[in-house]
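Enquirer: I'd like to ask some things about the structure below.
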Amino acid sequence: MNPKTQALEILSALYDVDTAQQTVERLWSIFPETPENVEPATPRNDCMLITYADSIQAEDEIPLQTLGEFLNTHLNICGRVHLLPFYPSSSDDGFAVIDYRMVDHHVGGWGDIEPLAARYDLMFDLVINHCSRENLWFADFVGGSEPGRNFFITLPEESDTSAVARPRSTPLISPIHTYAGIRHVWNTFSSDQIDLDFSNPDVLCEFVAILMFYIQRGARLLRLDAIGYLWKRLGTSCLNLPETHLVVKLLRLLLDEAAPWVRIITETNVPHEENIAYFGAGDEAHLVYQFSLAPLLLYTFTFGDSRYLQRWGQNLDTPPAGATYLNFFASHDGIGLRPLEGLVPDPDVDRLVARMHERGGFATLRDSGGQQQRPYEINISLMSAFGGADGLPAYLAAHALMLSFQGSPALYIHSFLGTENDLDLVEQTGRTRSINRRKWQLQDLLHELADPTSLRAQTLEAMRELIAVRNSLPALACEANQTILITEPNAFALRRKSNDQEILVVANITPQPVKVAAGTLGLDPGTYNDHLGDEVTVAKEMELQAYAVCWLDVPA
């Protein structure tokens with residue numbers, strides 16, 4: 001079946017036949033907006049840095065230029081960069097977009113993104129579920145003008161929305177004064193982030209045009225933000241509906257036709273099985289966030305207990321050909337707890353939340369039906385989650401383990417810098433997520449990095465070394481096979497195998513030495529090369545010091 005016919009088939013499941021036919025012609029007319037001279041970027045390593053455009057600032061400098069200089073000097077170990085929303089925005093640190101085709105003048109312009117795109121594979125956010133109430137589309141809605149008058153979801157105030165899955169405890173609908181009177185609009189995340197109505201094909205076409213515009217501007221990966229909430233149907237959860245999967249499938253089809261070097265990643269902070277469903281049959285996302293990994297790693301190292309991580313890892317499916325997981329430990333958001341549903345009992349989740357409270361963190365809540373609210377995410381900097389400087393050995397061990405898992409790794413800029421909780425920023429913004437969104441002054445940061453004994457310098461050097469070794473090992477490439485081994489709860493082990501190398505990863509997740517039976521690891525007595533340290537001699541047991549992680553060459 002040719003791509004146009006496939007697109008028509010998808011659209012016919014979303015809209016009536018005439019609308020589907022008209023829409024497919026409109027979508028195909030958008031393709032020429034991608035210039036013929038746009039070429040795929042030179043392949044680079046798959047390690048991704050996550051950062052805001054203004055995470056590092058210098059007086060009288062354009063933030064995007066300051067960031068670029070810092071990356072080129074200190075973080076060029078990463079081949080990919082997730083440049084968090086740099087568009088004009090009214091709230092949520094960029095995720096309430098006022099203008100999708102502009103760069104916020106406070107951070108720079110498109111000319112400042114161009115050199116980054118030339119050196120790194122950039123990931124842009126397609127903030128597709130909602131826009132700012134200051135967006136001109138919403139002004140159209142209020143005034144009853146085109147094109148935005150029908151871009152948003154309205155419903156009677158008395159509508160029964162009790163079945164709708166919520167990521168927040170804020171109201172789902174908001175009254176809006178329009179020229180036609182008060183109308184009630186859907187806002188999943190906040191009253192400043194108004195959900196768009198994809199049952200209107202004009203909205204779909206607009207976002208396809210934006211997607212193509214981002215490719216013109218250098219995007220090589222596109223992150224579909226909050227994509228799971230895209231399609232609404234009252235009486236359902238309005239989360240991960242079949243129509244949402246069809247939209248993702250359509251975007252993948254269009255990209256495969258117009259820009260096959262571009263990769264789609266879906267952001268769906270939901271339980272594991274719902275999350276990986278966005279691979280589809282290999283025809284939806286190229287990458288899916290491994291959302292369960294971060295809270296499982298945090299639990300594992302916080303309590304020295306790997307049982308939940310082992311059980312989850314043993315049940316991981318191999319991604320479809322050409323697709324992979326995106327593994328991360330920290331990001332601009334908090335550490336999501338919904339991905340622990342069905343994996344970790346509520347009492348142990350609550351135990352983790354309590355420990356993070358002790359370390360200066362917060363937990364946000366969501367509605368989970370009835371009057372009950374459950375923790376939705378933990379807001380804390382990762383270094384503070386490990387107890388600060390004293391927790392550096394555990395912090396590095398946890399990252400070594402994260403880098404060992406099948407998939408591509410993504411690391412937040414503050415994970416490289418060992419940034420602690422920023423409570424001053426929380427007080428300034430009134431948002432608990434700000435705890436992990438510090439804006440470094442370049443001069444202060446360079447001063448700390450110049451001291452090799454500082455937490456900043458030690459963390460950055462160690463993280464760079466870990467990634468450099470990982471990037472050099474074929475067995476740790478994203479497509480290499482993975483087998484999780486069952487060990488005692490105080491350790492964790494897995495095997496990774498490529499065509500020409502096999503690596504055994506063994507980790508001590510506790511502050512005491514541990515011994516792991518050689519038979520458990522499938523090791524014969526002998527001496528093995530450890531890519532993270534000296535040679536390791538194994539007899540009946542393998543001994544690991546506190547928070548030691550080994551990447552051992554083993555016979556294939």
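We label chains A, B, ... in the order they appear in the structure tokens, count residues from 1 in each chain, and number ligands from 1 in the order shown.
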Which residues, written as a list in words, have at least one atom at most 12 Å from Gly361 of chain A, with only C-alpha atoms counted and residues fewer than 4 positions away on the same chain left out?
Expert: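 Everything that qualifies: Gly334, Ile335, Leu352, Val353, Ala354, Arg355, Met356, His357, Glu377, Ile378, Asn379, Ile380, Ser381, Leu382, Met383, Ser384, Ala385, Phe386, Gly387, Glu420, Asn421, Asp422, Leu423, Val426, Thr432, Arg433, Ser434, Ile435 and Asn436 of chain A.
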Enquirer: Write out, as a CSV table (one decimal), in the first residue's frame, the residues just selected, with N, CA, C and O atoms.
Expert:
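Writing done, so here's again-v3.csv:
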```csv
chain,number,residue,atom,x,y,z
A,334,GLY,N,9.7,16.1,37.3
A,334,GLY,CA,10.0,15.3,38.4
A,334,GLY,C,10.2,13.8,38.0
A,334,GLY,O,10.1,13.5,36.8
A,335,ILE,N,10.4,13.0,39.0
A,335,ILE,CA,10.5,11.6,38.8
A,335,ILE,C,9.1,11.0,38.9
A,335,ILE,O,8.5,11.0,40.0
A,352,LEU,N,9.3,5.5,49.6
A,352,LEU,CA,10.2,6.3,48.8
A,352,LEU,C,9.9,7.8,48.8
A,352,LEU,O,10.8,8.6,49.0
A,353,VAL,N,8.6,8.1,48.7
A,353,VAL,CA,8.2,9.5,48.8
A,353,VAL,C,8.7,10.1,50.1
A,353,VAL,O,9.2,11.2,50.2
A,354,ALA,N,8.5,9.4,51.2
A,354,ALA,CA,8.8,9.9,52.6
A,354,ALA,C,10.3,10.1,52.7
A,354,ALA,O,10.8,11.1,53.2
A,355,ARG,N,11.1,9.2,52.1
A,355,ARG,CA,12.6,9.4,52.1
A,355,ARG,C,13.0,10.6,51.3
A,355,ARG,O,13.9,11.4,51.7
A,356,MET,N,12.4,10.9,50.2
A,356,MET,CA,12.7,12.0,49.4
A,356,MET,C,12.3,13.3,50.1
A,356,MET,O,12.9,14.4,50.0
A,357,HIS,N,11.2,13.3,50.8
A,357,HIS,CA,10.8,14.4,51.7
A,357,HIS,C,11.9,14.7,52.7
A,357,HIS,O,12.3,15.9,52.9
A,377,GLU,N,4.4,12.6,41.1
A,377,GLU,CA,5.8,12.7,40.8
A,377,GLU,C,6.5,13.2,42.0
A,377,GLU,O,5.9,14.0,42.8
A,378,ILE,N,7.8,12.9,42.1
A,378,ILE,CA,8.7,13.4,43.1
A,378,ILE,C,9.5,14.6,42.5
A,378,ILE,O,10.0,14.4,41.4
A,379,ASN,N,9.5,15.7,43.2
A,379,ASN,CA,10.2,16.9,42.7
A,379,ASN,C,11.5,17.0,43.6
A,379,ASN,O,11.3,17.4,44.8
A,380,ILE,N,12.6,16.8,43.0
A,380,ILE,CA,13.9,16.8,43.8
A,380,ILE,C,15.0,16.8,42.8
A,380,ILE,O,14.9,16.2,41.7
A,381,SER,N,16.1,17.4,43.1
A,381,SER,CA,17.3,17.2,42.2
A,381,SER,C,17.9,15.9,42.5
A,381,SER,O,17.8,15.4,43.6
A,382,LEU,N,18.4,15.2,41.5
A,382,LEU,CA,18.9,13.9,41.6
A,382,LEU,C,20.1,13.8,42.6
A,382,LEU,O,20.2,12.8,43.4
A,383,MET,N,21.0,14.8,42.6
A,383,MET,CA,22.1,14.8,43.6
A,383,MET,C,21.5,14.8,45.0
A,383,MET,O,22.0,14.1,45.9
A,384,SER,N,20.5,15.7,45.2
A,384,SER,CA,20.0,15.7,46.6
A,384,SER,C,19.2,14.5,46.9
A,384,SER,O,19.2,14.1,48.1
A,385,ALA,N,18.6,13.8,45.9
A,385,ALA,CA,17.9,12.5,46.2
A,385,ALA,C,18.9,11.5,46.7
A,385,ALA,O,18.5,10.6,47.4
A,386,PHE,N,20.2,11.6,46.3
A,386,PHE,CA,21.2,10.7,46.8
A,386,PHE,C,21.9,11.2,48.1
A,386,PHE,O,22.9,10.6,48.5
A,387,GLY,N,21.4,12.3,48.6
A,387,GLY,CA,22.0,12.8,49.8
A,387,GLY,C,23.1,13.8,49.7
A,387,GLY,O,23.9,14.1,50.6
A,420,GLU,N,22.3,20.6,43.3
A,420,GLU,CA,21.4,20.2,44.4
A,420,GLU,C,20.1,21.0,44.3
A,420,GLU,O,19.9,21.8,43.4
A,421,ASN,N,19.2,20.7,45.2
A,421,ASN,CA,17.9,21.3,45.3
A,421,ASN,C,18.0,22.8,45.2
A,421,ASN,O,18.8,23.4,46.0
A,422,ASP,N,17.2,23.5,44.4
A,422,ASP,CA,17.2,24.9,44.4
A,422,ASP,C,15.9,25.4,45.0
A,422,ASP,O,14.9,25.7,44.4
A,423,LEU,N,15.9,25.5,46.4
A,423,LEU,CA,14.7,25.9,47.1
A,423,LEU,C,14.4,27.4,46.9
A,423,LEU,O,13.2,27.8,47.0
A,426,VAL,N,12.2,27.6,43.9
A,426,VAL,CA,10.8,27.1,44.3
A,426,VAL,C,10.1,28.2,44.9
A,426,VAL,O,8.9,28.5,44.6
A,432,THR,N,6.9,23.6,42.5
A,432,THR,CA,7.9,22.6,43.1
A,432,THR,C,8.8,22.0,42.1
A,432,THR,O,9.9,21.6,42.4
A,433,ARG,N,8.4,22.0,40.8
A,433,ARG,CA,9.3,21.5,39.8
A,433,ARG,C,10.6,22.4,39.6
A,433,ARG,O,11.6,21.9,39.1
A,434,SER,N,10.5,23.6,40.1
A,434,SER,CA,11.6,24.5,39.9
A,434,SER,C,12.8,24.0,40.8
A,434,SER,O,13.9,24.5,40.6
A,435,ILE,N,12.6,23.1,41.7
A,435,ILE,CA,13.7,22.6,42.5
A,435,ILE,C,14.8,22.0,41.7
A,435,ILE,O,15.9,22.0,42.2
A,436,ASN,N,14.5,21.6,40.5
A,436,ASN,CA,15.5,20.9,39.7
A,436,ASN,C,15.7,21.7,38.4
A,436,ASN,O,16.1,21.1,37.4
```
Enquirer: Tell me which protein, DNA and RNA residues are within 9 Å of segment 147-149 of chain A, counting only C-alpha atoms, leaving out same-chain ones fewer than 3 positions away, and put them as a list in words.
Expert: Leu136, Trp137, Phe138, Ala139, Asp140, Phe141, Val142, Gly143, Gly144, Phe152, Asp202 and Val203 of chain A
Enquirer: Smallest atom-to-atom distance to Leu532 of chain A: which of A:Ser472, A:Gln501, A:Asn490, A:Gln22, using only C-alpha atoms?
Expert: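 Smallest distance to Leu532 of chain A is found for A:Ser472.
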Enquirer: Produce a table with one row for each residue of segment 332-418 of chain A that has an atom at most 12 Å from any atom of segment 83-103 of chain A, each row naming the nearest atom pair and its distance in Å at one decimal; use only C-alpha atoms; arrange rows by chain and rising residue number; format as JSON lines.
Expert:
```
{"residue": "A:His332", "atom": "CA", "partner": "A:Leu84", "partner_atom": "CA", "distance": 8.4}
{"residue": "A:Asp333", "atom": "CA", "partner": "A:Asp92", "partner_atom": "CA", "distance": 10.4}
{"residue": "A:Tyr412", "atom": "CA", "partner": "A:Leu83", "partner_atom": "CA", "distance": 10.7}
{"residue": "A:Ile413", "atom": "CA", "partner": "A:Leu83", "partner_atom": "CA", "distance": 10.8}
```
Enquirer: I need the alpha helix (DSSP H) residues of segment 24-214 of chain A per DSSP on the backbone, written as a ChimeraX atom specification.
Expert: /A:24-30,63-74,110-119,136-143,201-214
Enquirer: Restricting it to C-alpha atoms, dump the selection as a PDB file, in the first residue's frame.
Expert:
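Okay, out-v3.pdb is ready:
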```
ATOM      1  CA  VAL A  24      -4.861  13.786   2.930  1.00  0.00           C
ATOM      2  CA  GLU A  25      -4.540  16.195   0.010  1.00  0.00           C
ATOM      3  CA  ARG A  26      -3.814  19.054   2.409  1.00  0.00           C
ATOM      4  CA  LEU A  27      -1.166  17.027   4.216  1.00  0.00           C
ATOM      5  CA  TRP A  28       0.569  16.091   0.989  1.00  0.00           C
ATOM      6  CA  SER A  29       0.641  19.754  -0.020  1.00  0.00           C
ATOM      7  CA  ILE A  30       2.643  20.531   3.140  1.00  0.00           C
ATOM      8  CA  PRO A  63      21.819  32.359  26.526  1.00  0.00           C
ATOM      9  CA  LEU A  64      21.767  30.039  23.501  1.00  0.00           C
ATOM     10  CA  GLN A  65      25.282  31.185  22.609  1.00  0.00           C
ATOM     11  CA  THR A  66      26.491  30.741  26.196  1.00  0.00           C
ATOM     12  CA  LEU A  67      24.969  27.265  26.258  1.00  0.00           C
ATOM     13  CA  GLY A  68      26.566  26.346  22.942  1.00  0.00           C
ATOM     14  CA  GLU A  69      30.017  27.387  24.103  1.00  0.00           C
ATOM     15  CA  PHE A  70      29.647  25.418  27.344  1.00  0.00           C
ATOM     16  CA  LEU A  71      28.441  22.306  25.525  1.00  0.00           C
ATOM     17  CA  ASN A  72      31.253  22.445  22.999  1.00  0.00           C
ATOM     18  CA  THR A  73      33.823  22.721  25.783  1.00  0.00           C
ATOM     19  CA  HIS A  74      32.453  20.481  28.538  1.00  0.00           C
ATOM     20  CA  TRP A 110      16.950  30.840  15.078  1.00  0.00           C
ATOM     21  CA  GLY A 111      20.410  31.999  14.080  1.00  0.00           C
ATOM     22  CA  ASP A 112      21.670  30.842  17.493  1.00  0.00           C
ATOM     23  CA  ILE A 113      20.115  27.395  17.085  1.00  0.00           C
ATOM     24  CA  GLU A 114      21.670  26.856  13.659  1.00  0.00           C
ATOM     25  CA  PRO A 115      25.251  26.248  14.935  1.00  0.00           C
ATOM     26  CA  LEU A 116      23.916  23.823  17.547  1.00  0.00           C
ATOM     27  CA  ALA A 117      22.069  21.900  14.832  1.00  0.00           C
ATOM     28  CA  ALA A 118      25.275  21.746  12.803  1.00  0.00           C
ATOM     29  CA  ARG A 119      27.174  20.094  15.653  1.00  0.00           C
ATOM     30  CA  LEU A 136      -3.230  33.930  18.827  1.00  0.00           C
ATOM     31  CA  TRP A 137      -5.318  30.833  18.150  1.00  0.00           C
ATOM     32  CA  PHE A 138      -6.962  31.322  21.525  1.00  0.00           C
ATOM     33  CA  ALA A 139      -7.519  35.020  20.799  1.00  0.00           C
ATOM     34  CA  ASP A 140      -9.322  33.843  17.659  1.00  0.00           C
ATOM     35  CA  PHE A 141     -11.402  31.488  19.779  1.00  0.00           C
ATOM     36  CA  VAL A 142     -12.404  34.288  22.148  1.00  0.00           C
ATOM     37  CA  GLY A 143     -13.238  36.595  19.251  1.00  0.00           C
ATOM     38  CA  PRO A 201      -8.561  18.320  10.921  1.00  0.00           C
ATOM     39  CA  ASP A 202      -7.434  21.961  10.644  1.00  0.00           C
ATOM     40  CA  VAL A 203      -5.578  21.462  13.943  1.00  0.00           C
ATOM     41  CA  LEU A 204      -3.896  18.316  12.657  1.00  0.00           C
ATOM     42  CA  CYS A 205      -2.786  20.045   9.457  1.00  0.00           C
ATOM     43  CA  GLU A 206      -1.446  23.010  11.417  1.00  0.00           C
ATOM     44  CA  PHE A 207       0.734  20.769  13.546  1.00  0.00           C
ATOM     45  CA  VAL A 208       2.042  18.822  10.572  1.00  0.00           C
ATOM     46  CA  ALA A 209       3.115  22.149   9.089  1.00  0.00           C
ATOM     47  CA  ILE A 210       4.831  23.074  12.380  1.00  0.00           C
ATOM     48  CA  LEU A 211       6.551  19.686  12.437  1.00  0.00           C
ATOM     49  CA  MET A 212       7.919  20.269   8.926  1.00  0.00           C
ATOM     50  CA  PHE A 213       9.023  23.772   9.928  1.00  0.00           C
ATOM     51  CA  TYR A 214      11.049  22.323  12.810  1.00  0.00           C
TER      52      TYR A 214
END
```
Enquirer: Leaving out segment 261-272 of chain A and any residue of its chain fewer than 5 positions from it, which residues lie within 7 Å of it when counting only C-alpha atoms, given as an NGL selection string?
Expert: :A and (40 or 220-228 or 255 or 285-289 or 291-292 or 336 or 338-341)
Enquirer: Since we have the selection now, will you write its residues out, keeping C-alpha atoms, as a CSV table (one decimal), in the first residue's frame?
Expert:
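File out04.csv, as written:
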```
chain,number,residue,atom,x,y,z
A,40,PRO,CA,20.2,13.9,7.3
A,220,ARG,CA,16.5,15.6,14.0
A,221,LEU,CA,14.3,14.2,16.8
A,222,LEU,CA,10.8,15.4,17.6
A,223,ARG,CA,9.4,14.9,21.1
A,224,LEU,CA,5.6,14.6,21.2
A,225,ASP,CA,4.9,16.3,24.5
A,226,ALA,CA,1.9,14.9,26.6
A,227,ILE,CA,0.8,13.0,23.5
A,228,GLY,CA,-1.2,10.5,25.5
A,255,LEU,CA,8.0,11.6,8.3
A,285,ALA,CA,7.4,6.0,17.8
A,286,HIS,CA,11.0,5.4,17.0
A,287,LEU,CA,11.9,5.9,20.7
A,288,VAL,CA,9.8,5.5,23.8
A,289,TYR,CA,10.9,6.9,27.2
A,291,PHE,CA,9.7,5.9,32.3
A,292,SER,CA,9.7,3.1,34.9
A,336,GLY,CA,7.2,10.1,37.8
A,338,ARG,CA,2.6,6.4,37.8
A,339,PRO,CA,5.1,4.2,36.0
A,340,LEU,CA,5.5,2.2,39.2
A,341,GLU,CA,1.9,1.1,39.1
```
Enquirer: Could you tell me how far atom CA of Asp350 of chain A sits from atom CA of Phe328 of chain A, in Å to one decimal place?
Expert: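 Value for the atom CA of Phe328 of chain A-atom CA of Asp350 of chain A distance: 22.0 Å.
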Enquirer: From the options A:Pro474, A:Gly235, A:Gly391, A:Gly430, which residue's atoms come nearest to Ser404 of chain A, counting only C-alpha atoms?
Expert: A:Pro474
Enquirer: Which value, in Å to one decimal, gives the distance between atom CA of Ser408 of chain A and atom CA of Tyr120 of chain A?
Expert: 15.2 Å
Enquirer: Atom CA of Leu234 of chain A and atom CA of Asp197 of chain A are how many Å apart?
Expert: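 Computed distance, atom CA of Leu234 of chain A to atom CA of Asp197 of chain A, equals 13.3 Å.
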Enquirer: Pick out the closest residue to Ala468 of chain A from this set: A:Phe31, A:Ala400, A:Leu309, A:Gly526. Count only C-alpha atoms.
Expert: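 Of the candidates, the smallest distance to Ala468 of chain A is held by A:Ala400.
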Enquirer: Taking only C-alpha atoms into account, name the residue in A:Ala165, A:Val185, A:Met48, A:Ile509 that is nearest to Ser237 of chain A.
Expert: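 Of A:Ala165, A:Val185, A:Met48, A:Ile509, the one nearest Ser237 of chain A, counting only C-alpha atoms, is A:Ala165.
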Enquirer: Going by DSSP on the backbone, which bits of segment 419-538 of chain A are strand (DSSP E)? Write them as a count of residues only, please.
Expert: 31
Enquirer: Measuring between only C-alpha atoms, which one of A:Ala180, A:Leu473, A:Leu126, A:Leu417 shows the shortest distance to Tyr395 of chain A?
Expert: A:Leu417
Enquirer: Name the closest residue to Asn76 of chain A among the candidates A:Gln310, A:Ala546, A:Arg464, A:Asn200; distances are taken between atoms, counting only C-alpha atoms.
Expert: A:Arg464
Enquirer: Would you kindly return, as a list of chain:residue names, each protein, DNA or RNA residue with an atom no farther than 9 Å from any atom of Val514 of chain A, considering only C-alpha atoms and excluding same-chain residues fewer than 3 positions away?
Expert: A:Asn490, A:Ala491, A:Asn508, A:Thr510, A:Met542, A:Glu543, A:Leu544, A:Gln545, A:Ala546
Enquirer: Grab the residues selected above and save them as a PDB file, in the first residue's frame with N, CA and C atoms.
Expert:
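Listed below is the output, out_1.pdb:
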```pdb
ATOM      1  N   ASN A 490      20.802  -7.385  47.046  1.00  0.00           N
ATOM      2  CA  ASN A 490      21.833  -6.361  47.237  1.00  0.00           C
ATOM      3  C   ASN A 490      22.725  -6.163  46.019  1.00  0.00           C
ATOM      4  N   ALA A 491      22.394  -6.803  44.913  1.00  0.00           N
ATOM      5  CA  ALA A 491      23.183  -6.660  43.678  1.00  0.00           C
ATOM      6  C   ALA A 491      22.235  -6.626  42.485  1.00  0.00           C
ATOM      7  N   ASN A 508      26.968  -3.527  42.691  1.00  0.00           N
ATOM      8  CA  ASN A 508      26.655  -3.560  44.116  1.00  0.00           C
ATOM      9  C   ASN A 508      25.836  -2.316  44.408  1.00  0.00           C
ATOM     10  N   THR A 510      24.665  -1.301  47.317  1.00  0.00           N
ATOM     11  CA  THR A 510      24.677  -1.002  48.749  1.00  0.00           C
ATOM     12  C   THR A 510      26.011  -0.377  49.164  1.00  0.00           C
ATOM     13  N   MET A 542      32.205 -13.561  43.130  1.00  0.00           N
ATOM     14  CA  MET A 542      32.747 -12.273  42.687  1.00  0.00           C
ATOM     15  C   MET A 542      32.480 -11.270  43.790  1.00  0.00           C
ATOM     16  N   GLU A 543      33.540 -10.633  44.283  1.00  0.00           N
ATOM     17  CA  GLU A 543      33.383  -9.666  45.361  1.00  0.00           C
ATOM     18  C   GLU A 543      33.366  -8.257  44.805  1.00  0.00           C
ATOM     19  N   LEU A 544      32.400  -7.467  45.274  1.00  0.00           N
ATOM     20  CA  LEU A 544      32.268  -6.081  44.833  1.00  0.00           C
ATOM     21  C   LEU A 544      32.298  -5.161  46.044  1.00  0.00           C
ATOM     22  N   GLN A 545      33.097  -4.105  45.954  1.00  0.00           N
ATOM     23  CA  GLN A 545      33.145  -3.123  47.028  1.00  0.00           C
ATOM     24  C   GLN A 545      31.886  -2.249  46.978  1.00  0.00           C
ATOM     25  N   ALA A 546      31.752  -1.378  47.969  1.00  0.00           N
ATOM     26  CA  ALA A 546      30.562  -0.532  48.067  1.00  0.00           C
ATOM     27  C   ALA A 546      30.316   0.213  46.761  1.00  0.00           C
TER      28      ALA A 546
END
```
